[in-house]
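See below for my_file_11.cif, which holds mmCIF, C-alpha atoms and all ligand atoms.
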data_entry
#
loop_
_atom_site.group_PDB
_atom_site.id
_atom_site.type_symbol
_atom_site.label_atom_id
_atom_site.label_comp_id
_atom_site.auth_asym_id
_atom_site.auth_seq_id
_atom_site.Cartn_x
_atom_site.Cartn_y
_atom_site.Cartn_z
ATOM 1 C CA MET A 1 -108.520 177.822 -103.346
ATOM 2 C CA THR A 2 -105.297 177.741 -101.362
ATOM 3 C CA LEU A 3 -104.684 175.209 -98.594
ATOM 4 C CA ALA A 4 -104.829 178.010 -96.031
ATOM 5 C CA GLU A 5 -108.284 179.070 -97.299
ATOM 6 C CA ILE A 6 -109.550 175.468 -97.211
ATOM 7 C CA ILE A 7 -108.237 174.986 -93.668
ATOM 8 C CA SER A 8 -109.846 178.236 -92.507
ATOM 9 C CA LYS A 9 -113.225 177.136 -93.938
ATOM 10 C CA SER A 10 -113.055 173.628 -92.392
ATOM 11 C CA ASN A 11 -113.748 172.690 -88.781
ATOM 12 C CA ASN A 12 -113.892 168.903 -88.966
ATOM 13 C CA ILE A 13 -110.671 167.920 -90.737
ATOM 14 C CA VAL A 14 -109.414 164.340 -90.967
ATOM 15 C CA PHE A 15 -105.857 163.556 -92.020
ATOM 16 C CA PHE A 16 -105.061 160.288 -93.809
ATOM 17 C CA GLY A 17 -101.317 159.646 -93.918
ATOM 18 C CA GLY A 18 -98.632 157.189 -94.940
ATOM 19 C CA ALA A 19 -94.887 156.679 -94.749
ATOM 20 C CA GLY A 20 -94.226 159.994 -96.538
ATOM 21 C CA VAL A 21 -95.370 161.808 -93.382
ATOM 22 C CA SER A 22 -92.372 160.373 -91.478
ATOM 23 C CA THR A 23 -89.602 160.755 -94.087
ATOM 24 C CA GLU A 24 -88.852 164.278 -92.798
ATOM 25 C CA SER A 25 -88.222 162.619 -89.428
ATOM 26 C CA GLY A 26 -85.527 160.504 -91.086
ATOM 27 C CA ILE A 27 -87.553 157.313 -91.605
ATOM 28 C CA PRO A 28 -87.365 156.069 -95.218
ATOM 29 C CA ASP A 29 -90.687 155.253 -96.868
ATOM 30 C CA PHE A 30 -91.308 151.990 -98.747
ATOM 31 C CA ARG A 31 -91.690 152.628 -102.492
ATOM 32 C CA SER A 32 -89.700 155.784 -103.261
ATOM 33 C CA GLU A 33 -86.239 155.551 -104.869
ATOM 34 C CA ASP A 34 -84.640 155.356 -101.410
ATOM 35 C CA GLY A 35 -87.521 153.378 -99.947
ATOM 36 C CA LEU A 36 -87.204 150.188 -97.915
ATOM 37 C CA TYR A 37 -88.661 148.011 -100.680
ATOM 38 C CA ARG A 38 -85.963 149.217 -103.081
ATOM 39 C CA GLN A 39 -83.187 147.953 -100.793
ATOM 40 C CA LYS A 40 -81.611 144.625 -101.808
ATOM 41 C CA TYR A 41 -82.184 141.623 -99.537
ATOM 42 C CA ASP A 42 -81.983 137.850 -100.237
ATOM 43 C CA VAL A 43 -85.658 137.769 -99.241
ATOM 44 C CA PRO A 44 -87.801 140.755 -100.384
ATOM 45 C CA PRO A 45 -88.824 142.982 -97.429
ATOM 46 C CA GLU A 46 -92.508 142.577 -98.368
ATOM 47 C CA VAL A 47 -92.027 138.827 -97.801
ATOM 48 C CA MET A 48 -90.129 139.283 -94.542
ATOM 49 C CA LEU A 49 -92.960 141.512 -93.278
ATOM 50 C CA SER A 50 -95.591 138.811 -93.877
ATOM 51 C CA ALA A 51 -97.348 136.711 -91.239
ATOM 52 C CA ASP A 52 -96.191 133.469 -92.922
ATOM 53 C CA TYR A 53 -92.562 134.574 -92.681
ATOM 54 C CA PHE A 54 -92.988 135.704 -89.066
ATOM 55 C CA TYR A 55 -94.162 132.247 -87.995
ATOM 56 C CA ALA A 56 -91.874 130.209 -90.279
ATOM 57 C CA HIS A 57 -88.637 132.261 -89.914
ATOM 58 C CA THR A 58 -89.161 134.105 -86.625
ATOM 59 C CA GLU A 59 -85.459 134.683 -85.904
ATOM 60 C CA ASP A 60 -84.827 136.141 -89.389
ATOM 61 C CA PHE A 61 -87.999 138.233 -89.077
ATOM 62 C CA TYR A 62 -86.768 139.801 -85.837
ATOM 63 C CA ARG A 63 -83.273 140.429 -87.271
ATOM 64 C CA PHE A 64 -84.814 142.480 -90.127
ATOM 65 C CA TYR A 65 -87.486 144.048 -87.867
ATOM 66 C CA ARG A 66 -84.916 145.297 -85.320
ATOM 67 C CA GLU A 67 -82.679 146.610 -88.103
ATOM 68 C CA LYS A 68 -85.332 148.412 -90.165
ATOM 69 C CA MET A 69 -88.634 148.772 -88.340
ATOM 70 C CA LEU A 70 -87.714 150.238 -84.946
ATOM 71 C CA PRO A 71 -86.659 153.876 -85.495
ATOM 72 C CA LEU A 72 -87.059 154.734 -81.792
ATOM 73 C CA TRP A 73 -84.642 157.673 -82.305
ATOM 74 C CA ALA A 74 -87.090 159.446 -84.685
ATOM 75 C CA LYS A 75 -88.811 162.648 -83.573
ATOM 76 C CA PRO A 76 -92.114 164.146 -84.788
ATOM 77 C CA ASN A 77 -91.667 166.634 -87.649
ATOM 78 C CA ALA A 78 -93.669 169.770 -88.555
ATOM 79 C CA ALA A 79 -96.426 167.673 -90.131
ATOM 80 C CA HIS A 80 -97.070 165.699 -86.928
ATOM 81 C CA LEU A 81 -96.820 168.851 -84.778
ATOM 82 C CA THR A 82 -99.206 170.907 -86.927
ATOM 83 C CA LEU A 83 -101.829 168.149 -86.867
ATOM 84 C CA ALA A 84 -101.575 167.861 -83.072
ATOM 85 C CA ARG A 85 -102.045 171.657 -82.828
ATOM 86 C CA TRP A 86 -105.106 171.572 -85.110
ATOM 87 C CA GLU A 87 -106.630 168.853 -82.905
ATOM 88 C CA LYS A 88 -106.106 171.029 -79.809
ATOM 89 C CA GLU A 89 -107.673 173.993 -81.675
ATOM 90 C CA GLY A 90 -110.713 171.826 -82.442
ATOM 91 C CA LYS A 91 -110.125 171.978 -86.220
ATOM 92 C CA LEU A 92 -109.027 168.366 -86.718
ATOM 93 C CA SER A 93 -111.074 165.439 -85.422
ATOM 94 C CA ALA A 94 -108.764 162.493 -86.193
ATOM 95 C CA VAL A 95 -105.599 161.225 -87.789
ATOM 96 C CA VAL A 96 -105.838 157.979 -89.763
ATOM 97 C CA THR A 97 -102.367 156.614 -90.404
ATOM 98 C CA GLN A 98 -100.815 153.618 -92.117
ATOM 99 C CA ASN A 99 -97.628 154.250 -90.130
ATOM 100 C CA ILE A 100 -96.577 152.186 -87.118
ATOM 101 C CA ASP A 101 -93.961 154.610 -85.699
ATOM 102 C CA GLY A 102 -96.185 156.330 -83.119
ATOM 103 C CA LEU A 103 -94.935 159.815 -84.122
ATOM 104 C CA HIS A 104 -98.446 161.334 -84.229
ATOM 105 C CA GLN A 105 -98.987 160.431 -80.566
ATOM 106 C CA ALA A 106 -95.447 161.583 -79.727
ATOM 107 C CA ALA A 107 -96.388 164.974 -81.231
ATOM 108 C CA GLY A 108 -99.469 165.177 -78.984
ATOM 109 C CA SER A 109 -102.255 163.841 -81.225
ATOM 110 C CA GLY A 110 -104.948 162.083 -79.184
ATOM 111 C CA LYS A 111 -107.290 160.549 -81.756
ATOM 112 C CA VAL A 112 -105.116 158.404 -84.020
ATOM 113 C CA PHE A 113 -106.391 155.376 -85.926
ATOM 114 C CA GLU A 114 -103.350 153.176 -86.604
ATOM 115 C CA LEU A 115 -104.585 151.004 -89.463
ATOM 116 C CA HIS A 116 -101.403 148.914 -89.497
ATOM 117 C CA GLY A 117 -100.821 148.820 -85.734
ATOM 118 C CA SER A 118 -97.823 150.119 -83.796
ATOM 119 C CA ILE A 119 -94.249 149.120 -82.960
ATOM 120 C CA HIS A 120 -94.984 150.384 -79.443
ATOM 121 C CA ARG A 121 -97.404 147.546 -78.732
ATOM 122 C CA ASN A 122 -96.129 143.961 -78.524
ATOM 123 C CA TYR A 123 -97.939 141.038 -76.924
ATOM 124 C CA CYS A 124 -97.448 137.431 -75.879
ATOM 125 C CA LEU A 125 -99.310 135.033 -78.175
ATOM 126 C CA ARG A 126 -99.868 132.664 -75.261
ATOM 127 C CA CYS A 127 -100.938 134.839 -72.292
ATOM 128 C CA GLY A 128 -101.490 138.265 -73.911
ATOM 129 C CA ALA A 129 -98.960 140.099 -71.724
ATOM 130 C CA SER A 130 -97.838 143.458 -73.194
ATOM 131 C CA TYR A 131 -94.284 144.566 -73.927
ATOM 132 C CA ASP A 132 -92.979 147.922 -75.179
ATOM 133 C CA ALA A 133 -90.752 148.657 -78.190
ATOM 134 C CA ALA A 134 -87.633 149.026 -76.021
ATOM 135 C CA PHE A 135 -88.076 145.461 -74.754
ATOM 136 C CA ILE A 136 -87.982 144.231 -78.363
ATOM 137 C CA ALA A 137 -85.206 146.601 -79.473
ATOM 138 C CA ASN A 138 -82.911 145.734 -76.547
ATOM 139 C CA GLY A 139 -83.509 141.988 -76.775
ATOM 140 C CA LYS A 140 -81.606 139.465 -78.874
ATOM 141 C CA GLY A 141 -83.024 136.724 -81.076
ATOM 142 C CA VAL A 142 -86.672 135.707 -80.714
ATOM 143 C CA PRO A 143 -88.364 137.520 -77.785
ATOM 144 C CA HIS A 144 -90.318 135.338 -75.373
ATOM 145 C CA CYS A 145 -92.679 136.204 -72.549
ATOM 146 C CA SER A 146 -91.954 135.258 -68.933
ATOM 147 C CA CYS A 147 -94.648 132.576 -69.471
ATOM 148 C CA GLY A 148 -92.561 131.158 -72.322
ATOM 149 C CA GLY A 149 -94.914 132.333 -75.074
ATOM 150 C CA LEU A 150 -93.716 133.961 -78.303
ATOM 151 C CA ILE A 151 -94.021 137.760 -78.410
ATOM 152 C CA LYS A 152 -95.410 139.369 -81.572
ATOM 153 C CA PRO A 153 -95.448 143.068 -82.538
ATOM 154 C CA ASP A 154 -98.985 144.513 -82.767
ATOM 155 C CA VAL A 155 -98.266 145.357 -86.406
ATOM 156 C CA VAL A 156 -100.450 144.220 -89.319
ATOM 157 C CA LEU A 157 -98.190 141.931 -91.334
ATOM 158 C CA TYR A 158 -98.941 141.048 -94.945
ATOM 159 C CA GLY A 159 -101.669 138.422 -94.941
ATOM 160 C CA GLU A 160 -103.194 139.628 -91.650
ATOM 161 C CA PRO A 161 -106.535 141.440 -91.318
ATOM 162 C CA LEU A 162 -106.783 145.020 -90.059
ATOM 163 C CA ASP A 163 -108.332 145.520 -86.626
ATOM 164 C CA GLY A 164 -112.111 145.860 -87.086
ATOM 165 C CA GLY A 165 -112.599 148.522 -84.412
ATOM 166 C CA THR A 166 -109.794 150.669 -85.841
ATOM 167 C CA VAL A 167 -111.214 150.455 -89.366
ATOM 168 C CA GLU A 168 -114.718 151.296 -88.089
ATOM 169 C CA GLY A 169 -113.451 154.344 -86.210
ATOM 170 C CA ALA A 170 -111.455 155.510 -89.213
ATOM 171 C CA LEU A 171 -114.440 155.061 -91.536
ATOM 172 C CA ASP A 172 -116.707 157.019 -89.178
ATOM 173 C CA ALA A 173 -114.202 159.881 -89.095
ATOM 174 C CA ILE A 174 -113.586 159.928 -92.858
ATOM 175 C CA SER A 175 -117.270 159.661 -93.810
ATOM 176 C CA SER A 176 -118.313 162.540 -91.532
ATOM 177 C CA CYS A 177 -115.508 165.083 -91.990
ATOM 178 C CA ASP A 178 -115.791 168.225 -94.139
ATOM 179 C CA CYS A 179 -112.154 168.161 -95.281
ATOM 180 C CA LEU A 180 -109.977 165.098 -95.871
ATOM 181 C CA ILE A 181 -106.243 165.694 -96.289
ATOM 182 C CA VAL A 182 -104.450 162.688 -97.812
ATOM 183 C CA ALA A 183 -100.672 162.930 -97.513
ATOM 184 C CA GLY A 184 -97.435 161.000 -97.841
ATOM 185 C CA THR A 185 -98.913 157.844 -99.289
ATOM 186 C CA SER A 186 -98.755 156.078 -102.642
ATOM 187 C CA LEU A 187 -102.314 154.781 -101.981
ATOM 188 C CA THR A 188 -101.293 151.382 -103.310
ATOM 189 C CA VAL A 189 -101.996 149.118 -100.320
ATOM 190 C CA TYR A 190 -105.531 147.905 -99.653
ATOM 191 C CA PRO A 191 -107.772 147.848 -97.712
ATOM 192 C CA ALA A 192 -106.148 150.968 -96.167
ATOM 193 C CA ALA A 193 -106.097 152.965 -99.404
ATOM 194 C CA GLY A 194 -109.766 152.173 -100.021
ATOM 195 C CA LEU A 195 -110.867 154.090 -96.914
ATOM 196 C CA VAL A 196 -110.432 157.442 -98.683
ATOM 197 C CA ASP A 197 -113.347 156.462 -100.972
ATOM 198 C CA TYR A 198 -115.710 156.903 -97.991
ATOM 199 C CA PHE A 199 -115.124 160.665 -97.963
ATOM 200 C CA ARG A 200 -118.344 162.606 -98.573
ATOM 201 C CA GLY A 201 -117.307 166.117 -97.523
ATOM 202 C CA LYS A 202 -116.435 169.315 -99.355
ATOM 203 C CA TYR A 203 -112.642 169.501 -99.669
ATOM 204 C CA LEU A 204 -110.439 166.580 -100.717
ATOM 205 C CA VAL A 205 -106.782 167.667 -100.488
ATOM 206 C CA LEU A 206 -103.731 165.666 -101.569
ATOM 207 C CA ILE A 207 -100.229 166.545 -100.379
ATOM 208 C CA ASN A 208 -97.749 164.089 -101.839
ATOM 209 C CA ARG A 209 -94.286 164.326 -103.368
ATOM 210 C CA ASP A 210 -95.230 161.976 -106.254
ATOM 211 C CA LYS A 211 -98.468 161.724 -108.229
ATOM 212 C CA THR A 212 -101.156 159.305 -107.025
ATOM 213 C CA ALA A 213 -104.280 157.747 -108.509
ATOM 214 C CA LEU A 214 -106.370 160.104 -106.358
ATOM 215 C CA ASP A 215 -104.957 163.338 -107.849
ATOM 216 C CA SER A 216 -107.699 163.798 -110.445
ATOM 217 C CA ARG A 217 -110.478 163.614 -107.810
ATOM 218 C CA CYS A 218 -109.033 166.238 -105.478
ATOM 219 C CA SER A 219 -110.100 169.847 -104.874
ATOM 220 C CA LEU A 220 -106.415 170.682 -104.343
ATOM 221 C CA VAL A 221 -103.231 168.755 -105.181
ATOM 222 C CA LEU A 222 -99.873 169.869 -103.765
ATOM 223 C CA HIS A 223 -96.808 167.924 -104.939
ATOM 224 C CA GLY A 224 -94.304 168.721 -102.241
ATOM 225 C CA LYS A 225 -93.052 167.834 -98.759
ATOM 226 C CA VAL A 226 -95.918 167.581 -96.304
ATOM 227 C CA GLY A 227 -93.859 168.732 -93.298
ATOM 228 C CA GLU A 228 -92.650 171.814 -95.118
ATOM 229 C CA ILE A 229 -96.134 172.632 -96.453
ATOM 230 C CA LEU A 230 -97.962 172.214 -93.127
ATOM 231 C CA SER A 231 -95.255 174.157 -91.273
ATOM 232 C CA GLN A 232 -96.316 177.248 -93.249
ATOM 233 C CA LEU A 233 -99.910 177.144 -91.943
HETATM 234 N N1 LIG A 301 -93.892 164.692 -98.249
HETATM 235 C C1 LIG A 301 -94.893 164.278 -99.070
HETATM 236 N N2 LIG A 301 -94.888 163.074 -99.676
HETATM 237 C C2 LIG A 301 -93.824 162.277 -99.458
HETATM 238 C C3 LIG A 301 -92.741 162.644 -98.638
HETATM 239 C C4 LIG A 301 -92.810 163.919 -98.023
HETATM 240 N N3 LIG A 301 -91.833 164.380 -97.224
HETATM 241 N N4 LIG A 301 -91.835 161.617 -98.616
HETATM 242 C C5 LIG A 301 -92.343 160.656 -99.411
HETATM 243 N N5 LIG A 301 -93.540 161.043 -99.905
HETATM 244 C C6 LIG A 301 -94.476 160.277 -100.726
HETATM 245 C C7 LIG A 301 -93.851 159.482 -101.837
HETATM 246 O O1 LIG A 301 -93.881 160.251 -103.034
HETATM 247 C C8 LIG A 301 -94.788 158.268 -101.928
HETATM 248 O O2 LIG A 301 -95.812 158.480 -102.896
HETATM 249 O O3 LIG A 301 -95.060 159.342 -99.827
HETATM 250 C C9 LIG A 301 -95.434 158.180 -100.548
HETATM 251 C C10 LIG A 301 -94.988 156.966 -99.737
HETATM 252 O O4 LIG A 301 -95.525 155.820 -100.369
HETATM 253 P P1 LIG A 301 -95.123 154.382 -99.821
HETATM 254 O O5 LIG A 301 -93.663 154.308 -99.656
HETATM 255 O O6 LIG A 301 -95.832 153.379 -100.711
HETATM 256 O O7 LIG A 301 -95.760 154.328 -98.351
HETATM 257 P P2 LIG A 301 -97.257 154.059 -97.943
HETATM 258 O O8 LIG A 301 -98.206 154.592 -98.981
HETATM 259 O O9 LIG A 301 -97.437 154.541 -96.572
HETATM 260 O O10 LIG A 301 -97.318 152.437 -97.946
HETATM 261 C C11 LIG A 301 -98.513 151.855 -97.484
HETATM 262 O O11 LIG A 301 -97.441 149.703 -97.532
HETATM 263 O O12 LIG A 301 -95.798 148.206 -96.996
HETATM 264 C C12 LIG A 301 -96.976 148.713 -96.626
HETATM 265 O O13 LIG A 301 -97.679 148.634 -94.416
HETATM 266 C C13 LIG A 301 -96.852 149.356 -95.277
HETATM 267 O O14 LIG A 301 -98.177 151.155 -94.390
HETATM 268 C C14 LIG A 301 -97.375 150.755 -95.496
HETATM 269 C C15 LIG A 301 -98.209 150.593 -96.748
#

Can the structure in the file be given as structure tokens, please?
Amino acid sequence: MTLAEIISKSNNIVFFGGAGVSTESGIPDFRSEDGLYRQKYDVPPEVMLSADYFYAHTEDFYRFYREKMLPLWAKPNAAHLTLARWEKEGKLSAVVTQNIDGLHQAAGSGKVFELHGSIHRNYCLRCGASYDAAFIANGKGVPHCSCGGLIKPDVVLYGEPLDGGTVEGALDAISSCDCLIVAGTSLTVYPAAGLVDYFRGKYLVLINRDKTALDSRCSLVLHGKVGEILSQL
């Protein structure tokens, strides 16, 4: 079956995405040739994006974070826009994303489970006050709240747990949908990658530039650019 046929036969689609969904918006992914984790730093990016590093080297964390993790200039691409349209048409019930860039919401998606949080939410560790991404981007050094507390991005750093409510919502959506589209992810980071195992529906579709461990279990595998492919539907 073609993707178009599968989409036409499905009316409760869930989309599970990763960094490859935002590369066509100009944001590098992590593990491709030109990915963030292939770039040379004194300290590996996976270490700089850990909770231990955030608390022990907060100034260095924010220097890297401002330089590499705040693409506020990025715009939704055809993948984000198509998914938002499908939600409005009642075909798609939720987006589950590992991305923190907020581009699904910027495209108009309402139900988005952000497994790894969002750069658009930042909060004071002392009083809980909220700050937006611009506050972090425009600041210098370590951002502090007006109460003096340290501000932390609401992003799941290595070594931190995922938000229970978000995981529960994502699992509900994945376990009850009739078509799960997995796209733009190497499916190498757990527990996020493990959520796709809760799919019980009819069509499991993979749209990814490179091969993944899930390929052999899919009804349809498309190795290509997810924005380009969804723009044709
Ligand atoms: N279309 C389809 N697939 C693409 C595209 C594209 N335009 N661009 C890249 N890809 C694919 C790559 O082939 C790769 O398999 O997307 C995948 C991206 O994989 P990763 O870089 O590992 O990103 P992701 O799977 O989202 O990483 C998961 O790792 O560091 C953590 O928290 C971070 O959420 C991230 C998690």

- [ ] Kindly work out which residues sit at most 6 Å from ligand LIG 301 (chain A), using all atoms listed in the file, and give the list as a VMD selection string.
- [x] chain A and resid 18 to 21 23 to 24 29 to 32 98 to 99 184 to 187 189 207 to 210 224 to 226

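Each of A:Leu157, A:Ala106, A:Cys218, A:Ala134 was checked against A:Cys179 using all atoms listed in the file; the smallest atom-to-atom distance is that of A:Cys218.
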
Task: Point (-116.9, 159.1, -90.9) neighbourhood (12 Å, all atoms listed in the file) written as a PyMOL selection string - done: chain A and resi 12-15+93-96+167-180+195-201

Task: Non-local contacts of stretch 159-165 of chain A (12 Å; only C-alpha atoms; under 2 positions in same chain excluded) as an NGL selection string - done: :A and (46-55 or 98 or 113-118 or 154-157 or 167-172 or 189-192)

TODO: Measure the distance from atom CA of A:Val142 to atom CA of A:Tyr65 in Å and round it to one decimal.
DONE: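 We find that atom CA of A:Val142 and atom CA of A:Tyr65 lie 11.0 Å from each other.
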
Padding of 4 Å on every side, edges along x, y and z, all listed atoms of stretch 148-153 of chain A included: what centre and edge lengths in Å, to one decimal, does that box have, as JSON?
{"center_x": -94.0, "center_y": 137.1, "center_z": -77.4, "size_x": 10.9, "size_y": 19.9, "size_z": 18.2}

Task: Among listed residues A:Arg126, A:His120, A:Lys140, A:Lys211, nearest A:Ala183 (using all atoms listed in the file) - done: A:Lys211

Open item on the list: Need to verify the contact set: stretch 81-89 of chain A, 10 Å, all atoms listed in the file, exclusion of same-chain residues closer than 6 positions in sequence. Can you return it as JSON, numbers by chain?
Closed with: {"A": [7, 11, 12, 13, 14, 15, 95, 103, 104, 105, 106, 107, 108, 109, 110, 111, 227, 230, 231, 232, 233]}

Task: Distance query 6 Å from (-103.7, 163.0, -96.9) using only C-alpha atoms, result as a VMD selection string - done: chain A and resid 15 to 17 181 to 183 206

Task: Separation of atom CA of A:Lys75 from atom CA of A:Ser10 in Å - done: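 Atom-to-atom, atom CA of A:Ser10 and atom CA of A:Lys75 are spaced 28.0 Å apart.
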
- [ ] To one decimal in Å, tell me the separation between atom CA of A:Ile151 and atom CA of A:Ala133.
- [x] 11.4 Å

Open item on the list: Calculated over all atoms listed in the file, which of the candidates A:Gly141, A:Gln39, A:Trp73, A:Ser219 has the smallest distance to A:Glu59?
Closed with: A:Gly141

TODO: Measuring atom to atom with only C-alpha atoms, identify which of A:Ala193, A:Val205, A:Phe64, A:Gly90 is nearest to A:Pro44.
DONE: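 The shortest atom-to-atom distance to A:Pro44 comes from A:Phe64.
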
Task: Best match for closeness to A:Tyr62 among A:Leu150, A:Ala4, A:Ala79, A:Leu222, counting only C-alpha atoms - done: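 Using only C-alpha atoms, A:Tyr62 sits closest to A:Leu150.
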
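Among the candidates A:Ser8, A:Asn138, A:Thr188, A:Ser22, the one nearest to A:Pro76 when counting all atoms listed in the file is A:Ser22.
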